[in-house]
Structures are given as C-alpha cells and as structure tokens.
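So this one's my_file16.cif, mmCIF, N, CA and C atoms:
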```cif
data_protein
#
loop_
_atom_site.group_PDB
_atom_site.id
_atom_site.type_symbol
_atom_site.label_atom_id
_atom_site.label_comp_id
_atom_site.auth_asym_id
_atom_site.auth_seq_id
_atom_site.Cartn_x
_atom_site.Cartn_y
_atom_site.Cartn_z
ATOM 1 N N MET A 1 101.256 6.912 30.072
ATOM 2 C CA MET A 1 99.988 7.384 29.571
ATOM 3 C C MET A 1 99.138 6.187 29.166
ATOM 4 N N LYS A 2 97.884 6.183 29.654
ATOM 5 C CA LYS A 2 96.973 5.092 29.323
ATOM 6 C C LYS A 2 96.265 5.407 28.012
ATOM 7 N N THR A 3 96.028 4.382 27.257
ATOM 8 C CA THR A 3 95.238 4.555 26.036
ATOM 9 C C THR A 3 93.941 3.787 26.208
ATOM 10 N N PHE A 4 92.891 4.349 25.671
ATOM 11 C CA PHE A 4 91.582 3.716 25.745
ATOM 12 C C PHE A 4 91.139 3.377 24.334
ATOM 13 N N HIS A 5 90.549 2.240 24.208
ATOM 14 C CA HIS A 5 90.053 1.799 22.911
ATOM 15 C C HIS A 5 88.531 1.738 22.979
ATOM 16 N N LEU A 6 87.902 2.498 22.150
ATOM 17 C CA LEU A 6 86.445 2.509 22.097
ATOM 18 C C LEU A 6 85.985 1.870 20.802
ATOM 19 N N SER A 7 84.957 1.074 20.922
ATOM 20 C CA SER A 7 84.386 0.473 19.717
ATOM 21 C C SER A 7 83.596 1.524 18.946
ATOM 22 N N THR A 8 83.277 1.187 17.721
ATOM 23 C CA THR A 8 82.480 2.093 16.893
ATOM 24 C C THR A 8 81.131 2.354 17.534
ATOM 25 N N SER A 9 80.497 1.321 18.104
ATOM 26 C CA SER A 9 79.187 1.511 18.726
ATOM 27 C C SER A 9 79.298 2.391 19.972
ATOM 28 N N SER A 10 80.413 2.308 20.707
ATOM 29 C CA SER A 10 80.609 3.177 21.868
ATOM 30 C C SER A 10 80.762 4.622 21.443
ATOM 31 N N LEU A 11 81.514 4.844 20.374
ATOM 32 C CA LEU A 11 81.678 6.207 19.874
ATOM 33 C C LEU A 11 80.350 6.777 19.386
ATOM 34 N N LEU A 12 79.573 5.954 18.701
ATOM 35 C CA LEU A 12 78.271 6.400 18.214
ATOM 36 C C LEU A 12 77.362 6.733 19.389
ATOM 37 N N GLY A 13 77.376 5.891 20.400
ATOM 38 C CA GLY A 13 76.565 6.133 21.592
ATOM 39 C C GLY A 13 76.942 7.431 22.271
ATOM 40 N N LEU A 14 78.236 7.691 22.401
ATOM 41 C CA LEU A 14 78.694 8.940 23.009
ATOM 42 C C LEU A 14 78.287 10.142 22.175
ATOM 43 N N ALA A 15 78.365 10.016 20.879
ATOM 44 C CA ALA A 15 77.986 11.123 19.999
ATOM 45 C C ALA A 15 76.501 11.418 20.115
ATOM 46 N N LEU A 16 75.690 10.377 20.228
ATOM 47 C CA LEU A 16 74.248 10.573 20.313
ATOM 48 C C LEU A 16 73.815 11.156 21.651
ATOM 49 N N LEU A 17 74.566 10.903 22.704
ATOM 50 C CA LEU A 17 74.216 11.450 24.014
ATOM 51 C C LEU A 17 74.153 12.967 23.988
ATOM 52 N N GLY A 18 75.026 13.590 23.287
ATOM 53 C CA GLY A 18 75.038 15.044 23.228
ATOM 54 C C GLY A 18 74.246 15.614 22.077
ATOM 55 N N ALA A 19 73.702 14.758 21.242
ATOM 56 C CA ALA A 19 73.032 15.230 20.040
ATOM 57 C C ALA A 19 71.584 15.624 20.267
ATOM 58 N N GLY A 20 70.989 15.237 21.391
ATOM 59 C CA GLY A 20 69.577 15.529 21.621
ATOM 60 C C GLY A 20 68.733 14.627 20.747
ATOM 61 N N PRO A 21 67.466 14.973 20.574
ATOM 62 C CA PRO A 21 66.608 14.140 19.743
ATOM 63 C C PRO A 21 67.125 14.081 18.309
ATOM 64 N N VAL A 22 67.248 12.879 17.797
ATOM 65 C CA VAL A 22 67.787 12.704 16.462
ATOM 66 C C VAL A 22 66.727 13.028 15.423
ATOM 67 N N LEU A 23 65.529 12.520 15.602
ATOM 68 C CA LEU A 23 64.456 12.761 14.662
ATOM 69 C C LEU A 23 63.223 13.245 15.413
ATOM 70 N N ALA A 24 62.571 14.234 14.883
ATOM 71 C CA ALA A 24 61.314 14.687 15.466
ATOM 72 C C ALA A 24 60.222 13.698 15.067
ATOM 73 N N LEU A 25 59.279 13.494 15.946
ATOM 74 C CA LEU A 25 58.167 12.610 15.628
ATOM 75 C C LEU A 25 57.254 13.287 14.611
ATOM 76 N N ASP A 26 56.658 12.503 13.752
ATOM 77 C CA ASP A 26 55.777 12.992 12.694
ATOM 78 C C ASP A 26 54.333 12.979 13.190
ATOM 79 N N GLY A 27 53.832 14.149 13.556
ATOM 80 C CA GLY A 27 52.479 14.256 14.082
ATOM 81 C C GLY A 27 51.424 13.786 13.100
ATOM 82 N N ALA A 28 51.578 14.123 11.832
ATOM 83 C CA ALA A 28 50.609 13.710 10.818
ATOM 84 C C ALA A 28 50.592 12.192 10.675
ATOM 85 N N GLY A 29 51.760 11.599 10.671
ATOM 86 C CA GLY A 29 51.847 10.146 10.578
ATOM 87 C C GLY A 29 51.270 9.462 11.805
ATOM 88 N N LEU A 30 51.558 10.010 12.965
ATOM 89 C CA LEU A 30 51.021 9.447 14.207
ATOM 90 C C LEU A 30 49.504 9.562 14.254
ATOM 91 N N TYR A 31 48.972 10.669 13.766
ATOM 92 C CA TYR A 31 47.520 10.863 13.711
ATOM 93 C C TYR A 31 46.875 9.715 12.937
ATOM 94 N N GLN A 32 47.557 9.256 11.885
ATOM 95 C CA GLN A 32 47.049 8.135 11.095
ATOM 96 C C GLN A 32 47.272 6.798 11.810
ATOM 97 N N THR A 33 48.504 6.547 12.247
ATOM 98 C CA THR A 33 48.813 5.229 12.816
ATOM 99 C C THR A 33 48.137 4.991 14.161
ATOM 100 N N LYS A 34 47.864 6.042 14.898
ATOM 101 C CA LYS A 34 47.168 5.894 16.191
ATOM 102 C C LYS A 34 45.654 5.939 16.008
ATOM 103 N N THR A 35 45.198 5.965 14.775
ATOM 104 C CA THR A 35 43.800 5.900 14.343
ATOM 105 C C THR A 35 42.931 7.084 14.784
ATOM 106 N N CYS A 36 43.525 8.227 15.011
ATOM 107 C CA CYS A 36 42.760 9.427 15.385
ATOM 108 C C CYS A 36 41.748 9.775 14.290
ATOM 109 N N PHE A 37 42.158 9.556 13.039
ATOM 110 C CA PHE A 37 41.327 9.906 11.891
ATOM 111 C C PHE A 37 39.996 9.166 11.875
ATOM 112 N N ALA A 38 39.940 7.989 12.497
ATOM 113 C CA ALA A 38 38.726 7.176 12.462
ATOM 114 C C ALA A 38 37.531 7.921 13.067
ATOM 115 N N CYS A 39 37.776 8.753 14.058
ATOM 116 C CA CYS A 39 36.690 9.514 14.686
ATOM 117 C C CYS A 39 36.728 10.998 14.359
ATOM 118 N N HIS A 40 37.916 11.543 14.186
ATOM 119 C CA HIS A 40 38.054 12.989 14.006
ATOM 120 C C HIS A 40 38.213 13.401 12.541
ATOM 121 N N GLY A 41 38.227 12.436 11.627
ATOM 122 C CA GLY A 41 38.327 12.721 10.203
ATOM 123 C C GLY A 41 39.764 12.790 9.728
ATOM 124 N N LYS A 42 39.966 12.442 8.472
ATOM 125 C CA LYS A 42 41.320 12.448 7.900
ATOM 126 C C LYS A 42 41.956 13.822 7.943
ATOM 127 N N ASP A 43 41.132 14.870 7.853
ATOM 128 C CA ASP A 43 41.642 16.236 7.883
ATOM 129 C C ASP A 43 41.571 16.852 9.283
ATOM 130 N N ALA A 44 41.158 16.067 10.269
ATOM 131 C CA ALA A 44 40.982 16.513 11.659
ATOM 132 C C ALA A 44 39.926 17.608 11.772
ATOM 133 N N ASN A 45 39.109 17.734 10.734
ATOM 134 C CA ASN A 45 38.099 18.792 10.696
ATOM 135 C C ASN A 45 36.706 18.281 10.320
ATOM 136 N N THR A 46 36.608 16.979 10.044
ATOM 137 C CA THR A 46 35.318 16.379 9.701
ATOM 138 C C THR A 46 35.115 15.121 10.550
ATOM 139 N N PRO A 47 34.698 15.339 11.804
ATOM 140 C CA PRO A 47 34.538 14.198 12.711
ATOM 141 C C PRO A 47 33.413 13.253 12.280
ATOM 142 N N LEU A 48 33.524 12.023 12.707
ATOM 143 C CA LEU A 48 32.561 10.981 12.382
ATOM 144 C C LEU A 48 31.174 11.321 12.928
ATOM 145 N N GLN A 49 31.123 11.837 14.124
ATOM 146 C CA GLN A 49 29.871 12.226 14.773
ATOM 147 C C GLN A 49 29.878 13.737 15.001
ATOM 148 N N PRO A 50 28.725 14.376 14.926
ATOM 149 C CA PRO A 50 28.689 15.829 15.111
ATOM 150 C C PRO A 50 29.128 16.283 16.505
ATOM 151 N N ASN A 51 29.040 15.425 17.490
ATOM 152 C CA ASN A 51 29.459 15.815 18.847
ATOM 153 C C ASN A 51 30.937 15.539 19.127
ATOM 154 N N TYR A 52 31.657 14.955 18.172
ATOM 155 C CA TYR A 52 33.109 14.788 18.321
ATOM 156 C C TYR A 52 33.785 16.107 17.959
ATOM 157 N N PRO A 53 34.846 16.459 18.657
ATOM 158 C CA PRO A 53 35.477 17.757 18.380
ATOM 159 C C PRO A 53 36.251 17.787 17.067
ATOM 160 N N ARG A 54 36.264 18.967 16.485
ATOM 161 C CA ARG A 54 37.131 19.252 15.346
ATOM 162 C C ARG A 54 38.484 19.627 15.933
ATOM 163 N N LEU A 55 39.509 18.935 15.510
ATOM 164 C CA LEU A 55 40.828 19.127 16.111
ATOM 165 C C LEU A 55 41.736 20.059 15.324
ATOM 166 N N ALA A 56 41.443 20.246 14.057
ATOM 167 C CA ALA A 56 42.289 21.091 13.207
ATOM 168 C C ALA A 56 42.345 22.510 13.762
ATOM 169 N N GLY A 57 43.555 23.025 13.891
ATOM 170 C CA GLY A 57 43.753 24.390 14.364
ATOM 171 C C GLY A 57 43.667 24.563 15.869
ATOM 172 N N GLN A 58 43.458 23.477 16.583
ATOM 173 C CA GLN A 58 43.373 23.555 18.047
ATOM 174 C C GLN A 58 44.706 24.003 18.637
ATOM 175 N N ASN A 59 44.676 24.784 19.668
ATOM 176 C CA ASN A 59 45.889 25.195 20.362
ATOM 177 C C ASN A 59 46.654 23.946 20.796
ATOM 178 N N ALA A 60 47.952 23.896 20.506
ATOM 179 C CA ALA A 60 48.756 22.697 20.762
ATOM 180 C C ALA A 60 48.777 22.318 22.241
ATOM 181 N N ASP A 61 48.960 23.290 23.122
ATOM 182 C CA ASP A 61 49.003 22.974 24.551
ATOM 183 C C ASP A 61 47.657 22.464 25.047
ATOM 184 N N TYR A 62 46.585 23.077 24.568
ATOM 185 C CA TYR A 62 45.244 22.632 24.958
ATOM 186 C C TYR A 62 45.011 21.192 24.514
ATOM 187 N N ALA A 63 45.307 20.900 23.244
ATOM 188 C CA ALA A 63 45.090 19.548 22.719
ATOM 189 C C ALA A 63 45.939 18.527 23.486
ATOM 190 N N TYR A 64 47.188 18.873 23.738
ATOM 191 C CA TYR A 64 48.081 17.981 24.481
ATOM 192 C C TYR A 64 47.536 17.722 25.885
ATOM 193 N N ASN A 65 47.114 18.781 26.569
ATOM 194 C CA ASN A 65 46.584 18.620 27.927
ATOM 195 C C ASN A 65 45.310 17.793 27.948
ATOM 196 N N GLN A 66 44.456 17.960 26.947
ATOM 197 C CA GLN A 66 43.239 17.150 26.871
ATOM 198 C C GLN A 66 43.577 15.678 26.695
ATOM 199 N N MET A 67 44.541 15.388 25.826
ATOM 200 C CA MET A 67 44.946 13.991 25.624
ATOM 201 C C MET A 67 45.524 13.400 26.903
ATOM 202 N N GLN A 68 46.339 14.169 27.589
ATOM 203 C CA GLN A 68 46.910 13.687 28.848
ATOM 204 C C GLN A 68 45.821 13.446 29.887
ATOM 205 N N ASP A 69 44.869 14.369 29.981
ATOM 206 C CA ASP A 69 43.784 14.220 30.959
ATOM 207 C C ASP A 69 42.909 13.012 30.658
ATOM 208 N N ILE A 70 42.666 12.744 29.398
ATOM 209 C CA ILE A 70 41.885 11.563 29.030
ATOM 210 C C ILE A 70 42.663 10.299 29.376
ATOM 211 N N LYS A 71 43.945 10.303 29.070
ATOM 212 C CA LYS A 71 44.777 9.131 29.363
ATOM 213 C C LYS A 71 44.854 8.853 30.862
ATOM 214 N N SER A 72 45.012 9.899 31.657
ATOM 215 C CA SER A 72 45.156 9.720 33.108
ATOM 216 C C SER A 72 43.822 9.478 33.814
ATOM 217 N N GLY A 73 42.713 9.803 33.144
ATOM 218 C CA GLY A 73 41.402 9.668 33.763
ATOM 219 C C GLY A 73 40.920 10.954 34.409
ATOM 220 N N ALA A 74 41.749 12.015 34.395
ATOM 221 C CA ALA A 74 41.342 13.303 34.964
ATOM 222 C C ALA A 74 40.143 13.871 34.210
ATOM 223 N N ARG A 75 40.056 13.614 32.925
ATOM 224 C CA ARG A 75 38.883 14.000 32.138
ATOM 225 C C ARG A 75 38.109 12.730 31.866
ATOM 226 N N ASP A 76 36.915 12.653 32.401
ATOM 227 C CA ASP A 76 36.140 11.419 32.320
ATOM 228 C C ASP A 76 34.671 11.756 32.124
ATOM 229 N N ASN A 77 34.244 11.725 30.891
ATOM 230 C CA ASN A 77 32.829 11.911 30.594
ATOM 231 C C ASN A 77 32.459 11.020 29.421
ATOM 232 N N GLY A 78 31.243 11.079 28.990
ATOM 233 C CA GLY A 78 30.782 10.235 27.898
ATOM 234 C C GLY A 78 31.575 10.401 26.621
ATOM 235 N N GLN A 79 32.083 11.598 26.402
ATOM 236 C CA GLN A 79 32.852 11.873 25.186
ATOM 237 C C GLN A 79 34.215 11.182 25.211
ATOM 238 N N THR A 80 34.747 10.908 26.370
ATOM 239 C CA THR A 80 36.102 10.364 26.454
ATOM 240 C C THR A 80 36.151 8.839 26.421
ATOM 241 N N ALA A 81 35.017 8.178 26.539
ATOM 242 C CA ALA A 81 35.003 6.714 26.633
ATOM 243 C C ALA A 81 35.720 6.045 25.463
ATOM 244 N N ALA A 82 35.462 6.501 24.252
ATOM 245 C CA ALA A 82 36.098 5.887 23.082
ATOM 246 C C ALA A 82 37.600 6.126 23.062
ATOM 247 N N MET A 83 38.038 7.285 23.532
ATOM 248 C CA MET A 83 39.463 7.607 23.482
ATOM 249 C C MET A 83 40.282 6.881 24.542
ATOM 250 N N LYS A 84 39.664 6.516 25.643
ATOM 251 C CA LYS A 84 40.409 5.847 26.720
ATOM 252 C C LYS A 84 41.108 4.591 26.232
ATOM 253 N N GLY A 85 40.452 3.844 25.374
ATOM 254 C CA GLY A 85 41.041 2.619 24.856
ATOM 255 C C GLY A 85 42.233 2.856 23.947
ATOM 256 N N ILE A 86 42.288 4.019 23.345
ATOM 257 C CA ILE A 86 43.371 4.358 22.426
ATOM 258 C C ILE A 86 44.540 5.023 23.138
ATOM 259 N N MET A 87 44.247 5.894 24.074
ATOM 260 C CA MET A 87 45.280 6.744 24.663
ATOM 261 C C MET A 87 46.378 5.984 25.395
ATOM 262 N N HIS A 88 46.089 4.790 25.906
ATOM 263 C CA HIS A 88 47.159 4.039 26.564
ATOM 264 C C HIS A 88 48.224 3.568 25.567
ATOM 265 N N LEU A 89 47.920 3.665 24.277
ATOM 266 C CA LEU A 89 48.874 3.290 23.228
ATOM 267 C C LEU A 89 49.702 4.475 22.735
ATOM 268 N N VAL A 90 49.445 5.668 23.291
ATOM 269 C CA VAL A 90 50.088 6.891 22.811
ATOM 270 C C VAL A 90 50.981 7.457 23.916
ATOM 271 N N SER A 91 52.258 7.614 23.614
ATOM 272 C CA SER A 91 53.202 8.157 24.605
ATOM 273 C C SER A 91 53.045 9.670 24.713
ATOM 274 N N ASP A 92 53.614 10.249 25.752
ATOM 275 C CA ASP A 92 53.591 11.702 25.922
ATOM 276 C C ASP A 92 54.243 12.403 24.733
ATOM 277 N N GLU A 93 55.349 11.861 24.246
ATOM 278 C CA GLU A 93 56.043 12.457 23.116
ATOM 279 C C GLU A 93 55.176 12.407 21.855
ATOM 280 N N GLU A 94 54.469 11.298 21.685
ATOM 281 C CA GLU A 94 53.586 11.173 20.529
ATOM 282 C C GLU A 94 52.402 12.132 20.646
ATOM 283 N N MET A 95 51.855 12.273 21.857
ATOM 284 C CA MET A 95 50.769 13.232 22.069
ATOM 285 C C MET A 95 51.221 14.641 21.713
ATOM 286 N N ARG A 96 52.420 15.000 22.124
ATOM 287 C CA ARG A 96 52.947 16.335 21.845
ATOM 288 C C ARG A 96 53.090 16.534 20.339
ATOM 289 N N ALA A 97 53.604 15.535 19.635
ATOM 290 C CA ALA A 97 53.783 15.647 18.186
ATOM 291 C C ALA A 97 52.436 15.787 17.474
ATOM 292 N N ILE A 98 51.459 15.016 17.893
ATOM 293 C CA ILE A 98 50.121 15.108 17.296
ATOM 294 C C ILE A 98 49.526 16.489 17.573
ATOM 295 N N ALA A 99 49.615 16.945 18.819
ATOM 296 C CA ALA A 99 49.064 18.247 19.193
ATOM 297 C C ALA A 99 49.733 19.376 18.412
ATOM 298 N N ASP A 100 51.042 19.300 18.281
ATOM 299 C CA ASP A 100 51.767 20.336 17.525
ATOM 300 C C ASP A 100 51.335 20.340 16.061
ATOM 301 N N TRP A 101 51.135 19.151 15.491
ATOM 302 C CA TRP A 101 50.703 19.073 14.100
ATOM 303 C C TRP A 101 49.291 19.624 13.937
ATOM 304 N N LEU A 102 48.388 19.252 14.851
ATOM 305 C CA LEU A 102 47.003 19.736 14.771
ATOM 306 C C LEU A 102 46.956 21.262 14.767
ATOM 307 N N ALA A 103 47.827 21.875 15.544
ATOM 308 C CA ALA A 103 47.854 23.342 15.646
ATOM 309 C C ALA A 103 48.243 24.003 14.321
ATOM 310 N N THR A 104 48.884 23.264 13.431
ATOM 311 C CA THR A 104 49.310 23.850 12.152
ATOM 312 C C THR A 104 48.198 23.822 11.109
ATOM 313 N N LEU A 105 47.128 23.099 11.381
ATOM 314 C CA LEU A 105 46.044 22.937 10.405
ATOM 315 C C LEU A 105 45.065 24.108 10.467
ATOM 316 N N GLN A 106 44.371 24.313 9.374
ATOM 317 C CA GLN A 106 43.334 25.355 9.294
ATOM 318 C C GLN A 106 42.017 24.835 9.821
#
```

Give the structure from this file in structure tokens form.
Amino acid sequence: MKTFHLSTSSLLGLALLGAGPVLALDGAGLYQTKTCFACHGKDANTPLQPNYPRLAGQNADYAYNQMQDIKSGARDNGQTAAMKGIMHLVSDEEMRAIADWLATLQ
C-alpha cells in the first residue's frame, strides 16, 4: 500500500477547490473604491449632474448589463464617455457585486 504525504498548503488548496467562493464581494465597498460615488453620489441617488442616472434601486441584471456594455463598447454615447475610463478597472465579478448592492437600495 502506497502512502501519500500532503503538505498543509496542499490540503488547504484541496479543501478550497470544493468550497466555492470563500467570500462574497462587498458591493457597497466596491462602489466606493471604484469611485462610482464621484458621479452617482454617495447614496447612488444624488448624481453629480442631473443627466447622470440614479442607480439606487436599479434592477441588478439591468445595471450589470449596462456596465458590461459600457466596458465592451457596445453602449457608446456621450453619457458613457466618463465611465469608459473607469470600467476597465472593474471585473465582471465586481460589476455583479455592485449591481446586486444597488438593487438593494431605495
């Protein structure tokens, strides 16, 4: 009979493979660190300019799809110019977390 010796880091790695996501991303924190608040307001409901959208309470899938479209260039108009520079810094997972958080707001 063969015996196998696994290091502690190997055991931890194996345990994490089946564990799925360890920590959920913090949408509220990402909204701050990705500087969304600078244009859309700290509460996501008081945008800097009247023509910027209010994001609070937005449907999560809609908000996520809009962010993806802006990032990919599929949505390209005057309103998206400012966001293009930011969106390349935001991963799909981060977009989803932000969108999910926005949907929880009033």

Contacts of Arg54 in chain A at 6.5 Å (all atoms listed in the file; same-chain gap of 3+ positions) as a count of residues only: 7

Picked from range 21-79 of chain A by DSSP as alpha helix (DSSP H), as an NGL selection string: :A and (27-33 or 37-40 or 60-72)

Interatomic distance, CA of Lys34 in chain A to atom N of Gln79 in chain A (Å, one decimal):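 Distance between the two atoms: 19.1 Å.
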
Atom N of Thr80 in chain A to atom N of Tyr64 in chain A, distance in Å rounded to a single decimal: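 Between these atoms lies a distance of 15.0 Å.
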
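Distance check against Asn51 in chain A using only C-alpha atoms: of A:Cys39, A:Thr104, A:Ile70, A:Ala97, the minimum falls on A:Cys39.
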
Pick from A:His88, A:Ala99, A:Leu105, A:Glu93 nearest to Ala60 in chain A, counting only N, CA and C atoms: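 Once distances to Ala60 in chain A are computed over only N, CA and C atoms, the minimum belongs to A:Ala99.
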
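The interatomic distance for the pair CA of Cys36 in chain A and atom C of Met83 in chain A works out to 9.8 Å.
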
Target residues per the PyMOL selection byres ((chain A and resi 94) around 8), formatted as number ranges by chain: A: 25-27, 30-31, 90-93, 95-100

Return the padded bounding box of range 27-31 of chain A as lines of an AutoDock Vina configuration file: axis-aligned, built from all atoms listed in the file, 3 Å added on each side, with centre and edge lengths in Å to one decimal.
```
center_x = 50.4
center_y = 11.9
center_z = 12.4
size_x = 13.0
size_y = 10.8
size_z = 9.7
```
